[in-house]
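The structure appears below as structure tokens.
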Amino acid sequence: MGLLESIHAPKDLRVLNLEELIKLAQEIRQEMIDVVSKNGGHLAPNLGVVELTLALHRTFDSPCDKIIWDVGHQTYVHKLLTGRLDRFKTIRQYHGLSGFPKRAESDCDCFETGHSSTSISAAVGFAKARDVLGERHSVIAVIGDGAMTGGMAFEALNHAGHSETNLIVVLNDNEMSISPNVGAMSSYLSRLRSDPRYDKRKEDIEYLLKRIPVIGTQVAKAVAKAKDSLKYLLVPGLIFEELGFTYLGPIDGHDQALVEQLLTQAKNKKGPVLVHVVTCKGKGYKPAEENPDIFHGVSPFDPETGKIIKKSAPPTYTAVFGETLCSLAKIDPKIVAISAAMPGGTGLKDFVSQFPDRFYDVGIAEQHAVTFAAGLAFGGLKPVVAIYSTFYQRAYDQVLHDVCLQQANVVLAIDRAGVVGDDGPTHHGVFDISIFRIIPNLIFMAPKDENELRHMLYTALQHRGPVALRYPRSVGQGVSMDEPLKEIPIGKAEVMREGRDVILIGIGPIVNTCLLAAQELRHRGVEAAVINLRFISPLDRELLSHYARQTKKIITVEDHILKGGMGSAILELLEEEGIEGVTLERIGYDAFVDQGSISQLHSVHGLSVKGIVKAAERLRLFHTSQTPMPLSGTTGK
Ligand SMILES: Cc1ncc(C[n+]2csc(CCOP(=O)(O)OP(=O)(O)O)c2C)c(N)n1
Ligand SMILES: CC(=O)[C@@H](O)[C@H](O)COP(=O)(O)O
Ligand SMILES: [Mg+2]
């Protein structure tokens, strides 16, 4: 039996000596490489925090002490040490362990994360609750240098530093967000790391400063001023100190004994403390150390070589978006692109290399990204902001107040729209239609395939005023691409198939599933029209009203939450147009959606041929008893 099998709870770690801890760290790394090479997952961030997590669980007493992990993608080690080794092989799978902290999984997961930069705010909340209730436990937020670029982190530092509550912030600085970290805070952290006094204790410097003699009032004032300036030069971590934190570090985050020593020191200090540890993302696995961005969130790979297992498939929507944007930017010098710390994920890597002066990575700052884009637009440029659907939730007011109210010429590229798979409920992009379709002035569209995406991006960039464009995290349909790019008439839907009995209305690539379902329904004697809605706003009122009056039966299908979604928009339209006697079945999600593969989730929630046929049955378009013919080659509920 290895050491890892003997760890059932954090208390089991406290009996180990340094040699055993080093061996345990190796076993943990091996277990994570084995499992992630099969399941995919956030390998590099976890390899980087092995010693830090061991030190945290030896110094603090979880679940009594509260450890809050920012983003939460680096909690695999924490899971392995808090009684979840036996289920670790199921991580990120349907009904398996989550890849992020989950309160329902363990008492040691005191706060759920997934969206970045929330940990310090939550920690201040835990700390204040403890103070009010007269409790005494420690509260620790563990935040990466990337997450530290998010506005919420600054807001929380501002609050915590002023409140003087006992709280520890561990800054895990690996110089990486998903890509190399950006921004002034990141440069400041680099200066701290490269400071020749890296290991010079802050206390020593303060002691020296205190020894400067003070004689007479005038001289005292001058000396006080000089001391202040000197302090700026000499005391490391001064930004944090000035915000009211005691700053400790920076130290090597892979030196087990040193990390424990510093955490113990932090535990015994009063007020807010910031512990700065420097780690290597991907530590201990060469391919991940060499390519920390690729191994940040990696798909299955060969553990021997680190080679990603690739299947041949059509290009992703993201790749087609990136390629089209580059080709349009070549012709139009006003096009600029903005990413919130995800140039790779949003398909903008080529844009960065081809147009470095027209690309802005603003860090994990979605709110700033959107308002910055509004400024760029009024300054005369054509900004395209590419953000995942789930992270746009952060920038709702900026979209509404700064872009749409003022009719700024901004293209909002909404990537990862729909369920995203293994990352689960924190990351599914299933709310954007509900929150954005109600904003006046915003044109909102979604393509049925990758070719239509190209034409829509072109259309968006021709339009004056704000446009949103949603597309999923998946490979395209493998359709051929047509040239030249042309404008799609705003607000016009596309009839993909005629039919007198029912209309199947889809938005996005799910339209293709509607087409397959229409074929199945024909076997049951049902003629279904299929409409590719294309525009959520404005809706094609004329066309939809015509078909609704004709068939009186509608099935809407969307990779989105039902409440407020596309089906809801159709219901509103029927009511507004006074179309009566229509029965409507809506297919989509009715709650937060679990993790699982995208096809699994679609099938469980009825976004499948089988699910659509069942909806038709509920509309009494046919009865199962009359149609013995089996479904051919389809899945779904
Ligand atoms: C609001 C938000 N925007 C974007 C992301 C995507 N994201 C996940 S991890 C990450 C980088 C985090 O970097 P850091 O905090 O330094 O952690 P590391 O992986 O380097 O340990 C980003 C941008 C997110 N989770 N939340
Ligand atoms: C933790 C996080 O938010 C990202 O790392 C996310 O997992 C990226 O997912 P994609 O694979 O869709 O880019
Ligand atoms: Mg980092």
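In the structure tokens, chains take letters A, B, ... by order of appearance, with residues numbered from 1 within each chain and ligands from 1 in the order shown.
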
Could I get the residue neighbourhood of ligand 1 at 9 Å, counting only C-alpha atoms and all ligand atoms, as a ChimeraX atom specification? /A:42,44-46,48-49,70-74,113-118,143-150,171-181,279-281,292-293,296-297,340-342,345,363-366,387-388,390-394,426-427

Spatial neighbours of stretch 305-320 of chain A, max dist 10 Å, only C-alpha atoms, sep filter under 2 positions, as a PyMOL selection string: chain A and resi 33+37-38+40+285-288+291+294-295+298-303+322-326+344-350+386+413-416+447+449-451+453-454+470-479

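You can rank A:Glu572, A:Asp422, A:Glu558, A:Glu290 by their closest distance to ligand 2 using only C-alpha atoms and all ligand atoms, and at the top of that list sits A:Asp422.
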
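In this model, the gap between atom CA of A:Phe321 and atom CA of A:Leu405 comes to 26.3 Å.
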
What's the 7 Å shell around A:Val273, counting only C-alpha atoms, without same-chain residues fewer than 4 positions away, as a list in words? Leu167, Ile168, Val169, Phe245, Thr246, Tyr247 and Ala266 of chain A

Taking N, CA and C atoms for each residue, export the selection above as a compact mmCIF listing (two decimals), in the first residue's frame.
```
# COMPACT_ATOMS: atom_id res chain seq x y z
N LEU A 167 -7.62 37.02 8.88
CA LEU A 167 -7.89 36.40 7.59
C LEU A 167 -6.57 36.19 6.88
N ILE A 168 -6.42 35.04 6.22
CA ILE A 168 -5.17 34.79 5.50
C ILE A 168 -5.47 34.65 4.01
N VAL A 169 -4.75 35.39 3.19
CA VAL A 169 -4.84 35.22 1.74
C VAL A 169 -3.53 34.59 1.29
N PHE A 245 -2.74 44.79 4.92
CA PHE A 245 -2.34 43.39 5.11
C PHE A 245 -0.91 43.31 5.63
N THR A 246 -0.63 42.30 6.43
CA THR A 246 0.76 41.96 6.71
C THR A 246 1.20 41.08 5.55
N TYR A 247 2.29 41.46 4.90
CA TYR A 247 2.77 40.70 3.74
C TYR A 247 3.90 39.77 4.17
N ALA A 266 1.70 33.03 9.69
CA ALA A 266 0.48 33.76 9.29
C ALA A 266 -0.66 33.45 10.25
```

Quick one: pick out all strand (DSSP E or B) residues within stretch 351-588 of chain A from a backbone DSSP run and write them as JSON, numbers by chain. {"A": [359, 360, 361, 382, 383, 384, 385, 386, 387, 388, 411, 412, 413, 414, 415, 418, 429, 443, 444, 445, 467, 468, 469, 470, 475, 494, 495, 496, 497, 502, 503, 504, 505, 506, 528, 529, 530, 531, 532, 535, 536, 537, 553, 554, 555, 556, 557, 558, 559, 560, 561, 583, 584, 585, 586, 587, 588]}

Excluding A:Gly581 and any residue of its chain fewer than 5 positions from it, enumerate the residues within 9 Å of it, using only C-alpha atoms, and give them as a PDB file with N, CA and C atoms, in the first residue's frame.
```pdb
ATOM      1  N   ARG A 549     -49.850  29.999 -37.032  1.00  0.00           N
ATOM      2  CA  ARG A 549     -51.283  29.989 -37.398  1.00  0.00           C
ATOM      3  C   ARG A 549     -51.599  28.760 -38.228  1.00  0.00           C
ATOM      4  N   LYS A 552     -50.500  25.306 -35.705  1.00  0.00           N
ATOM      5  CA  LYS A 552     -51.047  25.342 -34.337  1.00  0.00           C
ATOM      6  C   LYS A 552     -50.274  24.440 -33.367  1.00  0.00           C
ATOM      7  N   LYS A 553     -49.186  23.901 -33.828  1.00  0.00           N
ATOM      8  CA  LYS A 553     -48.369  23.069 -32.918  1.00  0.00           C
ATOM      9  C   LYS A 553     -46.894  23.444 -33.104  1.00  0.00           C
TER      10      LYS A 553
END
```

Any idea what's packed within 7 Å of A:Ala517, counting only C-alpha atoms, ignoring anything in its chain fewer than 4 positions away? Could you give it as a PyMOL selection string? chain A and resi 513+521+609+612-613

Distance criterion (only C-alpha atoms): nearest to A:Phe240 out of A:Ala616, A:Lys270, A:Val275, A:Thr459: A:Val275

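Among A:Phe444, A:Phe88, A:Tyr396, A:Phe100, the residue with the shortest atom-to-atom distance to ligand 2, counting only C-alpha atoms and all ligand atoms, is A:Phe100.
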
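Closest approach to A:Ala129 among A:Arg358, A:Val399, A:Asp432, A:Thr165 is made by A:Thr165 (distances from only C-alpha atoms).
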
Would you kindly return, as a PyMOL selection string, each protein, DNA or RNA residue with an atom no farther than 9 Å from any atom of A:Gln261, considering only C-alpha atoms and excluding same-chain residues fewer than 5 positions away? chain A and resi 55+59+256+266

I'd like the neighbourhood of A:Arg92 as a short mmCIF file (atom, residue, chain, number, x, y, z; two decimals) with C-alpha atoms, in the first residue's frame, where a residue qualifies if any of its atoms comes within 7 Å (using only C-alpha atoms), though same-chain residues fewer than 4 positions away should be ignored.
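Written out: part.cif:
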```
data_model
loop_
_atom_site.label_atom_id
_atom_site.label_comp_id
_atom_site.auth_asym_id
_atom_site.auth_seq_id
_atom_site.Cartn_x
_atom_site.Cartn_y
_atom_site.Cartn_z
CA GLY A 96 -18.68 11.54 -10.71
CA LEU A 97 -16.62 13.83 -8.52
CA SER A 98 -16.73 17.45 -9.61
CA GLY A 99 -13.59 19.09 -10.97
CA ASP A 422 -17.12 18.11 -17.95
CA ASP A 423 -16.61 21.49 -16.26
CA GLN A 595 -21.37 17.70 -15.57
CA GLY A 596 -21.04 15.04 -18.26
#
```

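Going from atom CA of A:Asp252 over to atom CA of A:Ala127, you cover 27.4 Å.
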
If I take atom CA of A:Ile251 and atom CA of A:Ala184, how far is one from the other in Å, to one decimal? 20.9 Å

With only C-alpha atoms as the basis for distance, which of A:Leu607, A:Ile503, A:Val582, A:Ala548 is at the shortest distance from A:Ile561? A:Leu607

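Considering the residues A:Ser186, A:Ser480, A:Thr82, A:Gln265 and counting only C-alpha atoms and all ligand atoms, ligand 3 has its shortest atom-to-atom contact with A:Ser186.
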
For the structure I just gave you, how does DSSP split stretch 238-416 of chain A - specifically, which residues are alpha helix (DSSP H)? Reply as a ChimeraX atom specification. /A:238-242,256-267,286-290,317-331,349-354,366-378,389-392,396-397
